[in-house]
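Student: query29.cif (mmCIF, all heavy atoms) pasted underneath:
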data_target
#
loop_
_atom_site.label_atom_id
_atom_site.label_comp_id
_atom_site.auth_asym_id
_atom_site.auth_seq_id
_atom_site.Cartn_x
_atom_site.Cartn_y
_atom_site.Cartn_z
N MET A 7 -76.91 -128.14 -11.04
CA MET A 7 -76.00 -128.55 -9.99
C MET A 7 -76.55 -128.08 -8.64
O MET A 7 -77.08 -126.99 -8.52
CB MET A 7 -74.62 -127.96 -10.27
CG MET A 7 -73.59 -128.39 -9.28
SD MET A 7 -71.98 -127.78 -9.78
CE MET A 7 -71.01 -129.15 -9.30
N ALA A 8 -76.40 -128.89 -7.64
CA ALA A 8 -76.92 -128.57 -6.31
C ALA A 8 -76.12 -127.44 -5.67
O ALA A 8 -74.93 -127.26 -5.93
CB ALA A 8 -76.85 -129.81 -5.43
N ALA A 9 -76.81 -126.68 -4.84
CA ALA A 9 -76.15 -125.59 -4.12
C ALA A 9 -75.24 -126.18 -3.05
O ALA A 9 -75.55 -127.22 -2.46
CB ALA A 9 -77.19 -124.69 -3.49
N PRO A 10 -74.14 -125.53 -2.78
CA PRO A 10 -73.24 -126.03 -1.73
C PRO A 10 -73.91 -125.96 -0.36
O PRO A 10 -74.76 -125.11 -0.10
CB PRO A 10 -72.03 -125.10 -1.80
CG PRO A 10 -72.50 -123.90 -2.54
CD PRO A 10 -73.63 -124.33 -3.40
N ILE A 11 -73.54 -126.87 0.52
CA ILE A 11 -74.12 -126.92 1.87
C ILE A 11 -73.34 -125.96 2.77
O ILE A 11 -72.11 -126.00 2.82
CB ILE A 11 -74.04 -128.34 2.43
CG1 ILE A 11 -74.88 -129.28 1.58
CG2 ILE A 11 -74.48 -128.39 3.88
CD1 ILE A 11 -74.73 -130.74 1.94
N ASP A 12 -74.10 -125.11 3.46
CA ASP A 12 -73.49 -124.21 4.44
C ASP A 12 -73.30 -124.99 5.73
O ASP A 12 -74.26 -125.30 6.44
CB ASP A 12 -74.39 -122.99 4.66
CG ASP A 12 -73.76 -121.97 5.59
OD1 ASP A 12 -72.61 -122.17 6.03
OD2 ASP A 12 -74.43 -120.96 5.88
N VAL A 13 -72.08 -125.33 6.04
CA VAL A 13 -71.76 -126.17 7.19
C VAL A 13 -72.18 -125.50 8.50
O VAL A 13 -72.57 -126.18 9.44
CB VAL A 13 -70.25 -126.50 7.22
CG1 VAL A 13 -69.95 -127.54 8.28
CG2 VAL A 13 -69.78 -126.99 5.87
N GLU A 14 -72.15 -124.20 8.55
CA GLU A 14 -72.51 -123.49 9.77
C GLU A 14 -74.01 -123.62 10.08
O GLU A 14 -74.40 -123.68 11.23
CB GLU A 14 -72.15 -122.01 9.64
CG GLU A 14 -70.67 -121.73 9.44
CD GLU A 14 -69.86 -122.05 10.68
OE1 GLU A 14 -70.37 -121.84 11.79
OE2 GLU A 14 -68.71 -122.53 10.51
N LYS A 15 -74.84 -123.67 9.04
CA LYS A 15 -76.30 -123.69 9.24
C LYS A 15 -76.91 -125.08 9.10
O LYS A 15 -78.07 -125.27 9.42
CB LYS A 15 -76.97 -122.75 8.23
CG LYS A 15 -76.60 -121.30 8.44
CD LYS A 15 -77.30 -120.43 7.42
CE LYS A 15 -76.90 -118.98 7.58
NZ LYS A 15 -77.54 -118.13 6.57
N PHE A 16 -76.14 -126.04 8.61
CA PHE A 16 -76.68 -127.38 8.37
C PHE A 16 -76.96 -128.07 9.69
O PHE A 16 -76.11 -128.17 10.56
CB PHE A 16 -75.69 -128.20 7.55
CG PHE A 16 -76.21 -129.55 7.16
CD1 PHE A 16 -77.18 -129.67 6.18
CD2 PHE A 16 -75.75 -130.70 7.78
CE1 PHE A 16 -77.67 -130.91 5.81
CE2 PHE A 16 -76.23 -131.94 7.41
CZ PHE A 16 -77.19 -132.04 6.43
N ASP A 17 -78.20 -128.57 9.83
CA ASP A 17 -78.62 -129.26 11.05
C ASP A 17 -78.64 -130.76 10.78
O ASP A 17 -79.58 -131.29 10.21
CB ASP A 17 -80.00 -128.75 11.47
CG ASP A 17 -80.46 -129.31 12.80
OD1 ASP A 17 -79.72 -130.12 13.40
OD2 ASP A 17 -81.57 -128.93 13.24
N ILE A 18 -77.58 -131.44 11.21
CA ILE A 18 -77.44 -132.87 10.93
C ILE A 18 -78.53 -133.66 11.63
O ILE A 18 -79.02 -134.67 11.11
CB ILE A 18 -76.03 -133.38 11.31
CG1 ILE A 18 -75.81 -134.81 10.82
CG2 ILE A 18 -75.80 -133.31 12.79
CD1 ILE A 18 -75.63 -134.92 9.34
N LYS A 19 -78.95 -133.23 12.82
CA LYS A 19 -79.99 -133.94 13.55
C LYS A 19 -81.32 -133.89 12.78
O LYS A 19 -82.00 -134.90 12.65
CB LYS A 19 -80.16 -133.36 14.95
CG LYS A 19 -81.11 -134.13 15.81
CD LYS A 19 -81.17 -133.59 17.22
CE LYS A 19 -82.14 -134.40 18.05
NZ LYS A 19 -82.25 -133.90 19.41
N LYS A 20 -81.66 -132.72 12.29
CA LYS A 20 -82.90 -132.57 11.52
C LYS A 20 -82.83 -133.42 10.25
O LYS A 20 -83.81 -134.07 9.87
CB LYS A 20 -83.12 -131.11 11.17
CG LYS A 20 -84.42 -130.85 10.46
CD LYS A 20 -84.62 -129.37 10.22
CE LYS A 20 -85.89 -129.11 9.43
NZ LYS A 20 -86.07 -127.70 9.12
N PHE A 21 -81.68 -133.43 9.60
CA PHE A 21 -81.49 -134.23 8.40
C PHE A 21 -81.66 -135.72 8.71
O PHE A 21 -82.35 -136.44 7.98
CB PHE A 21 -80.10 -133.96 7.82
CG PHE A 21 -79.79 -134.76 6.59
CD1 PHE A 21 -80.46 -134.52 5.40
CD2 PHE A 21 -78.83 -135.76 6.62
CE1 PHE A 21 -80.17 -135.26 4.26
CE2 PHE A 21 -78.54 -136.50 5.49
CZ PHE A 21 -79.21 -136.24 4.30
N ALA A 22 -81.07 -136.16 9.81
CA ALA A 22 -81.18 -137.57 10.21
C ALA A 22 -82.64 -137.92 10.52
O ALA A 22 -83.11 -139.00 10.15
CB ALA A 22 -80.29 -137.84 11.42
N GLU A 23 -83.34 -137.03 11.20
CA GLU A 23 -84.75 -137.28 11.51
C GLU A 23 -85.58 -137.39 10.24
O GLU A 23 -86.50 -138.21 10.15
CB GLU A 23 -85.30 -136.18 12.42
CG GLU A 23 -84.73 -136.24 13.83
CD GLU A 23 -85.05 -135.02 14.66
OE1 GLU A 23 -85.63 -134.04 14.12
OE2 GLU A 23 -84.73 -135.03 15.86
N THR A 24 -85.25 -136.58 9.25
CA THR A 24 -85.94 -136.65 7.96
C THR A 24 -85.71 -138.00 7.30
O THR A 24 -86.63 -138.61 6.75
CB THR A 24 -85.46 -135.52 7.04
OG1 THR A 24 -85.69 -134.27 7.69
CG2 THR A 24 -86.18 -135.52 5.72
N LEU A 25 -84.47 -138.49 7.35
CA LEU A 25 -84.16 -139.79 6.77
C LEU A 25 -84.89 -140.91 7.51
O LEU A 25 -85.41 -141.84 6.88
CB LEU A 25 -82.66 -140.05 6.81
CG LEU A 25 -81.80 -139.21 5.88
CD1 LEU A 25 -80.33 -139.56 6.08
CD2 LEU A 25 -82.19 -139.42 4.44
N VAL A 26 -84.94 -140.82 8.82
CA VAL A 26 -85.64 -141.84 9.61
C VAL A 26 -87.12 -141.85 9.26
O VAL A 26 -87.72 -142.91 9.05
CB VAL A 26 -85.43 -141.60 11.12
CG1 VAL A 26 -86.37 -142.46 11.95
CG2 VAL A 26 -83.99 -141.87 11.50
N LYS A 27 -87.72 -140.67 9.16
CA LYS A 27 -89.14 -140.57 8.82
C LYS A 27 -89.40 -141.17 7.44
O LYS A 27 -90.35 -141.93 7.25
CB LYS A 27 -89.59 -139.11 8.86
CG LYS A 27 -91.06 -138.93 8.58
CD LYS A 27 -91.46 -137.47 8.65
CE LYS A 27 -92.92 -137.30 8.29
NZ LYS A 27 -93.32 -135.91 8.24
N ALA A 28 -88.56 -140.84 6.49
CA ALA A 28 -88.72 -141.38 5.13
C ALA A 28 -88.56 -142.90 5.13
O ALA A 28 -89.30 -143.60 4.43
CB ALA A 28 -87.70 -140.73 4.20
N GLY A 29 -87.63 -143.39 5.91
CA GLY A 29 -87.44 -144.84 6.01
C GLY A 29 -88.66 -145.53 6.59
O GLY A 29 -89.07 -146.59 6.11
N ARG A 30 -89.23 -144.94 7.62
CA ARG A 30 -90.43 -145.53 8.24
C ARG A 30 -91.60 -145.53 7.27
O ARG A 30 -92.36 -146.50 7.21
CB ARG A 30 -90.79 -144.76 9.51
CG ARG A 30 -89.84 -145.05 10.64
CD ARG A 30 -90.27 -144.36 11.92
NE ARG A 30 -89.31 -144.67 12.97
CZ ARG A 30 -88.95 -143.83 13.91
NH1 ARG A 30 -89.49 -142.62 13.95
NH2 ARG A 30 -88.08 -144.18 14.83
N GLU A 31 -91.75 -144.45 6.52
CA GLU A 31 -92.82 -144.40 5.52
C GLU A 31 -92.61 -145.47 4.46
O GLU A 31 -93.56 -146.10 4.01
CB GLU A 31 -92.89 -143.01 4.88
CG GLU A 31 -93.41 -141.94 5.81
CD GLU A 31 -94.85 -142.18 6.24
OE1 GLU A 31 -95.68 -142.56 5.40
OE2 GLU A 31 -95.13 -142.00 7.43
N GLY A 32 -91.37 -145.67 4.07
CA GLY A 32 -91.07 -146.71 3.08
C GLY A 32 -91.39 -148.09 3.61
O GLY A 32 -91.93 -148.93 2.88
N VAL A 33 -91.09 -148.34 4.87
CA VAL A 33 -91.39 -149.63 5.47
C VAL A 33 -92.90 -149.84 5.53
O VAL A 33 -93.40 -150.92 5.22
CB VAL A 33 -90.77 -149.75 6.88
CG1 VAL A 33 -91.31 -150.94 7.64
CG2 VAL A 33 -89.25 -149.84 6.78
N LYS A 34 -93.64 -148.80 5.90
CA LYS A 34 -95.11 -148.90 5.95
C LYS A 34 -95.65 -149.27 4.56
O LYS A 34 -96.53 -150.11 4.43
CB LYS A 34 -95.74 -147.59 6.41
CG LYS A 34 -95.59 -147.32 7.88
CD LYS A 34 -96.24 -145.98 8.21
CE LYS A 34 -95.95 -145.56 9.62
NZ LYS A 34 -96.49 -144.22 9.92
N TRP A 35 -95.14 -148.60 3.54
CA TRP A 35 -95.61 -148.86 2.18
C TRP A 35 -95.30 -150.29 1.76
O TRP A 35 -96.13 -150.98 1.19
CB TRP A 35 -94.97 -147.86 1.22
CG TRP A 35 -95.21 -148.23 -0.21
CD1 TRP A 35 -94.28 -148.65 -1.10
CD2 TRP A 35 -96.46 -148.23 -0.90
NE1 TRP A 35 -94.88 -148.91 -2.31
CE2 TRP A 35 -96.21 -148.66 -2.21
CE3 TRP A 35 -97.76 -147.91 -0.54
CZ2 TRP A 35 -97.22 -148.80 -3.16
CZ3 TRP A 35 -98.75 -148.04 -1.49
CH2 TRP A 35 -98.48 -148.47 -2.77
N GLU A 36 -94.10 -150.76 2.06
CA GLU A 36 -93.72 -152.12 1.68
C GLU A 36 -94.56 -153.15 2.42
O GLU A 36 -94.92 -154.17 1.86
CB GLU A 36 -92.23 -152.36 1.95
CG GLU A 36 -91.31 -151.60 0.99
CD GLU A 36 -91.52 -152.01 -0.46
OE1 GLU A 36 -91.73 -153.21 -0.74
OE2 GLU A 36 -91.48 -151.13 -1.32
N ARG A 37 -94.91 -152.89 3.67
CA ARG A 37 -95.77 -153.80 4.41
C ARG A 37 -97.16 -153.86 3.79
O ARG A 37 -97.76 -154.92 3.66
CB ARG A 37 -95.88 -153.38 5.88
CG ARG A 37 -94.66 -153.73 6.67
CD ARG A 37 -94.84 -153.38 8.13
NE ARG A 37 -93.63 -153.70 8.87
CZ ARG A 37 -93.25 -153.10 9.97
NH1 ARG A 37 -94.00 -152.14 10.49
NH2 ARG A 37 -92.15 -153.44 10.58
N ARG A 38 -97.69 -152.69 3.42
CA ARG A 38 -99.01 -152.66 2.77
C ARG A 38 -98.98 -153.43 1.46
O ARG A 38 -99.90 -154.18 1.14
CB ARG A 38 -99.44 -151.22 2.50
CG ARG A 38 -100.03 -150.55 3.71
CD ARG A 38 -100.61 -149.19 3.34
NE ARG A 38 -99.97 -148.24 4.22
CZ ARG A 38 -99.46 -147.07 3.86
NH1 ARG A 38 -99.54 -146.67 2.62
NH2 ARG A 38 -98.89 -146.29 4.73
N LYS A 39 -97.90 -153.24 0.71
CA LYS A 39 -97.76 -153.92 -0.58
C LYS A 39 -97.67 -155.44 -0.37
O LYS A 39 -98.30 -156.21 -1.09
CB LYS A 39 -96.52 -153.40 -1.30
CG LYS A 39 -96.41 -153.86 -2.73
CD LYS A 39 -95.37 -153.08 -3.50
CE LYS A 39 -93.99 -153.52 -3.13
NZ LYS A 39 -92.94 -152.96 -3.97
N LEU A 40 -96.92 -155.86 0.64
CA LEU A 40 -96.79 -157.29 0.94
C LEU A 40 -98.14 -157.88 1.35
O LEU A 40 -98.50 -158.97 0.92
CB LEU A 40 -95.75 -157.49 2.04
CG LEU A 40 -95.49 -158.93 2.46
CD1 LEU A 40 -94.99 -159.76 1.28
CD2 LEU A 40 -94.48 -158.97 3.60
N ASP A 41 -98.89 -157.15 2.18
CA ASP A 41 -100.22 -157.61 2.57
C ASP A 41 -101.12 -157.76 1.35
O ASP A 41 -101.87 -158.73 1.23
CB ASP A 41 -100.87 -156.64 3.58
CG ASP A 41 -100.20 -156.71 4.94
OD1 ASP A 41 -99.52 -157.70 5.24
OD2 ASP A 41 -100.38 -155.74 5.71
N TRP A 42 -101.04 -156.81 0.45
CA TRP A 42 -101.85 -156.85 -0.76
C TRP A 42 -101.49 -158.08 -1.60
O TRP A 42 -102.36 -158.79 -2.09
CB TRP A 42 -101.66 -155.57 -1.56
CG TRP A 42 -102.41 -155.56 -2.84
CD1 TRP A 42 -103.75 -155.35 -3.01
CD2 TRP A 42 -101.87 -155.78 -4.15
NE1 TRP A 42 -104.07 -155.43 -4.35
CE2 TRP A 42 -102.94 -155.69 -5.06
CE3 TRP A 42 -100.59 -156.04 -4.63
CZ2 TRP A 42 -102.76 -155.86 -6.43
CZ3 TRP A 42 -100.42 -156.21 -5.99
CH2 TRP A 42 -101.49 -156.12 -6.87
N VAL A 43 -100.21 -158.35 -1.75
CA VAL A 43 -99.76 -159.51 -2.53
C VAL A 43 -100.25 -160.79 -1.87
O VAL A 43 -100.73 -161.71 -2.54
CB VAL A 43 -98.22 -159.51 -2.68
CG1 VAL A 43 -97.72 -160.83 -3.22
CG2 VAL A 43 -97.77 -158.37 -3.57
N ARG A 44 -100.15 -160.86 -0.54
CA ARG A 44 -100.63 -162.06 0.17
C ARG A 44 -102.13 -162.25 -0.05
O ARG A 44 -102.59 -163.37 -0.25
CB ARG A 44 -100.32 -161.94 1.65
CG ARG A 44 -98.87 -162.14 1.98
CD ARG A 44 -98.64 -162.01 3.46
NE ARG A 44 -97.25 -162.20 3.80
CZ ARG A 44 -96.70 -161.80 4.92
NH1 ARG A 44 -97.43 -161.17 5.83
NH2 ARG A 44 -95.43 -162.00 5.15
N GLU A 45 -102.89 -161.17 0.02
CA GLU A 45 -104.34 -161.27 -0.20
C GLU A 45 -104.64 -161.75 -1.61
O GLU A 45 -105.52 -162.60 -1.80
CB GLU A 45 -105.00 -159.91 0.04
CG GLU A 45 -105.04 -159.49 1.48
CD GLU A 45 -105.55 -158.07 1.67
OE1 GLU A 45 -106.00 -157.44 0.68
OE2 GLU A 45 -105.47 -157.57 2.81
N GLU A 46 -103.92 -161.21 -2.59
CA GLU A 46 -104.12 -161.63 -3.97
C GLU A 46 -103.83 -163.12 -4.15
O GLU A 46 -104.59 -163.83 -4.80
CB GLU A 46 -103.23 -160.81 -4.92
CG GLU A 46 -103.66 -159.38 -5.06
CD GLU A 46 -104.95 -159.24 -5.83
OE1 GLU A 46 -105.11 -159.92 -6.87
OE2 GLU A 46 -105.80 -158.45 -5.39
N LYS A 47 -102.74 -163.59 -3.56
CA LYS A 47 -102.39 -165.01 -3.68
C LYS A 47 -103.42 -165.89 -2.98
O LYS A 47 -103.76 -166.96 -3.48
CB LYS A 47 -100.99 -165.26 -3.12
CG LYS A 47 -99.92 -164.65 -3.99
CD LYS A 47 -98.56 -165.20 -3.67
CE LYS A 47 -97.57 -164.50 -4.57
NZ LYS A 47 -96.71 -165.42 -5.27
N ALA A 48 -103.93 -165.44 -1.84
CA ALA A 48 -104.96 -166.20 -1.13
C ALA A 48 -106.23 -166.28 -1.96
O ALA A 48 -106.87 -167.35 -2.04
CB ALA A 48 -105.23 -165.57 0.23
N GLU A 49 -106.60 -165.18 -2.59
CA GLU A 49 -107.79 -165.18 -3.45
C GLU A 49 -107.61 -166.10 -4.65
O GLU A 49 -108.53 -166.83 -5.03
CB GLU A 49 -108.11 -163.75 -3.91
CG GLU A 49 -108.64 -162.87 -2.82
CD GLU A 49 -108.84 -161.42 -3.27
OE1 GLU A 49 -108.75 -161.15 -4.50
OE2 GLU A 49 -109.06 -160.57 -2.41
N GLU A 50 -106.41 -166.09 -5.24
CA GLU A 50 -106.14 -166.97 -6.37
C GLU A 50 -106.20 -168.43 -5.94
O GLU A 50 -106.76 -169.28 -6.65
CB GLU A 50 -104.76 -166.67 -6.96
CG GLU A 50 -104.70 -165.37 -7.73
CD GLU A 50 -103.28 -165.05 -8.20
OE1 GLU A 50 -102.37 -165.89 -8.06
OE2 GLU A 50 -103.10 -163.93 -8.72
N ALA A 51 -105.63 -168.74 -4.78
CA ALA A 51 -105.65 -170.11 -4.29
C ALA A 51 -107.08 -170.56 -4.01
O ALA A 51 -107.45 -171.70 -4.32
CB ALA A 51 -104.80 -170.23 -3.03
N LYS A 52 -107.89 -169.68 -3.44
CA LYS A 52 -109.29 -170.00 -3.17
C LYS A 52 -110.05 -170.24 -4.47
O LYS A 52 -110.85 -171.17 -4.57
CB LYS A 52 -109.95 -168.89 -2.36
CG LYS A 52 -111.35 -169.23 -1.96
CD LYS A 52 -111.99 -168.12 -1.14
CE LYS A 52 -113.43 -168.51 -0.83
NZ LYS A 52 -114.20 -167.44 -0.30
N ALA A 53 -109.80 -169.40 -5.45
CA ALA A 53 -110.48 -169.54 -6.74
C ALA A 53 -110.10 -170.87 -7.39
O ALA A 53 -110.95 -171.55 -7.98
CB ALA A 53 -110.12 -168.38 -7.65
N LYS A 54 -108.83 -171.25 -7.29
CA LYS A 54 -108.39 -172.53 -7.86
C LYS A 54 -109.03 -173.70 -7.13
O LYS A 54 -109.44 -174.68 -7.74
CB LYS A 54 -106.87 -172.65 -7.80
CG LYS A 54 -106.15 -171.80 -8.82
CD LYS A 54 -104.65 -172.00 -8.74
CE LYS A 54 -103.93 -171.10 -9.72
NZ LYS A 54 -102.47 -171.25 -9.62
N SER A 55 -109.12 -173.62 -5.80
CA SER A 55 -109.71 -174.71 -5.04
C SER A 55 -111.23 -174.80 -5.29
O SER A 55 -111.79 -175.88 -5.30
CB SER A 55 -109.42 -174.57 -3.55
OG SER A 55 -110.09 -173.45 -3.01
N ASP A 56 -111.86 -173.65 -5.47
CA ASP A 56 -113.30 -173.65 -5.78
C ASP A 56 -113.57 -174.22 -7.17
O ASP A 56 -114.58 -174.89 -7.38
CB ASP A 56 -113.88 -172.23 -5.68
CG ASP A 56 -113.96 -171.73 -4.26
OD1 ASP A 56 -113.83 -172.56 -3.33
OD2 ASP A 56 -114.15 -170.51 -4.06
N ALA A 57 -112.67 -173.96 -8.10
CA ALA A 57 -112.84 -174.43 -9.47
C ALA A 57 -112.60 -175.94 -9.55
O ALA A 57 -113.19 -176.62 -10.40
CB ALA A 57 -111.89 -173.70 -10.41
N ALA A 58 -111.79 -176.47 -8.68
CA ALA A 58 -111.45 -177.90 -8.74
C ALA A 58 -112.47 -178.79 -8.09
O ALA A 58 -113.48 -178.55 -7.67
CB ALA A 58 -110.11 -178.15 -8.04
#
With the file now loaded, output its structure as structure tokens.

Tutor:
Amino acid sequence: MAAPIDVEKFDIKKFAETLVKAGREGVKWERRKLDWVREEKAEEAKAKSDAA
């Protein structure tokens, strides 16, 4: 079970900044993944056109 949060010491701003940073990292990763998928599809399309 998680430890209780000490309301007196909890820094909501720091917590929010951590969430924002994690969100930005997630967006970067998803963009990289999307670029990779697009490259793969382009390569597949080129291979199909070369084979035909």

Student: How many Å lie between CD1 of Phe21 in chain A and CA of Ala9 in chain A, rounded to one decimal?

Tutor: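 So the answer is 13.7 Å.
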
Student: What are the DSSP helix (DSSP H, G or I) residues of chain A, as a ChimeraX atom specification?

Tutor: /A:18-57

Student: So what do you get for atom N of Val43 in chain A versus atom N of Ala28 in chain A, distance-wise?

Tutor: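 These two atoms are separated by 22.6 Å.
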
Student: Record the distance separating OE2 of Glu45 in chain A and NZ of Lys27 in chain A, expressed in Å with one decimal.

Tutor: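 Computing it gives 25.4 Å between the two atoms.
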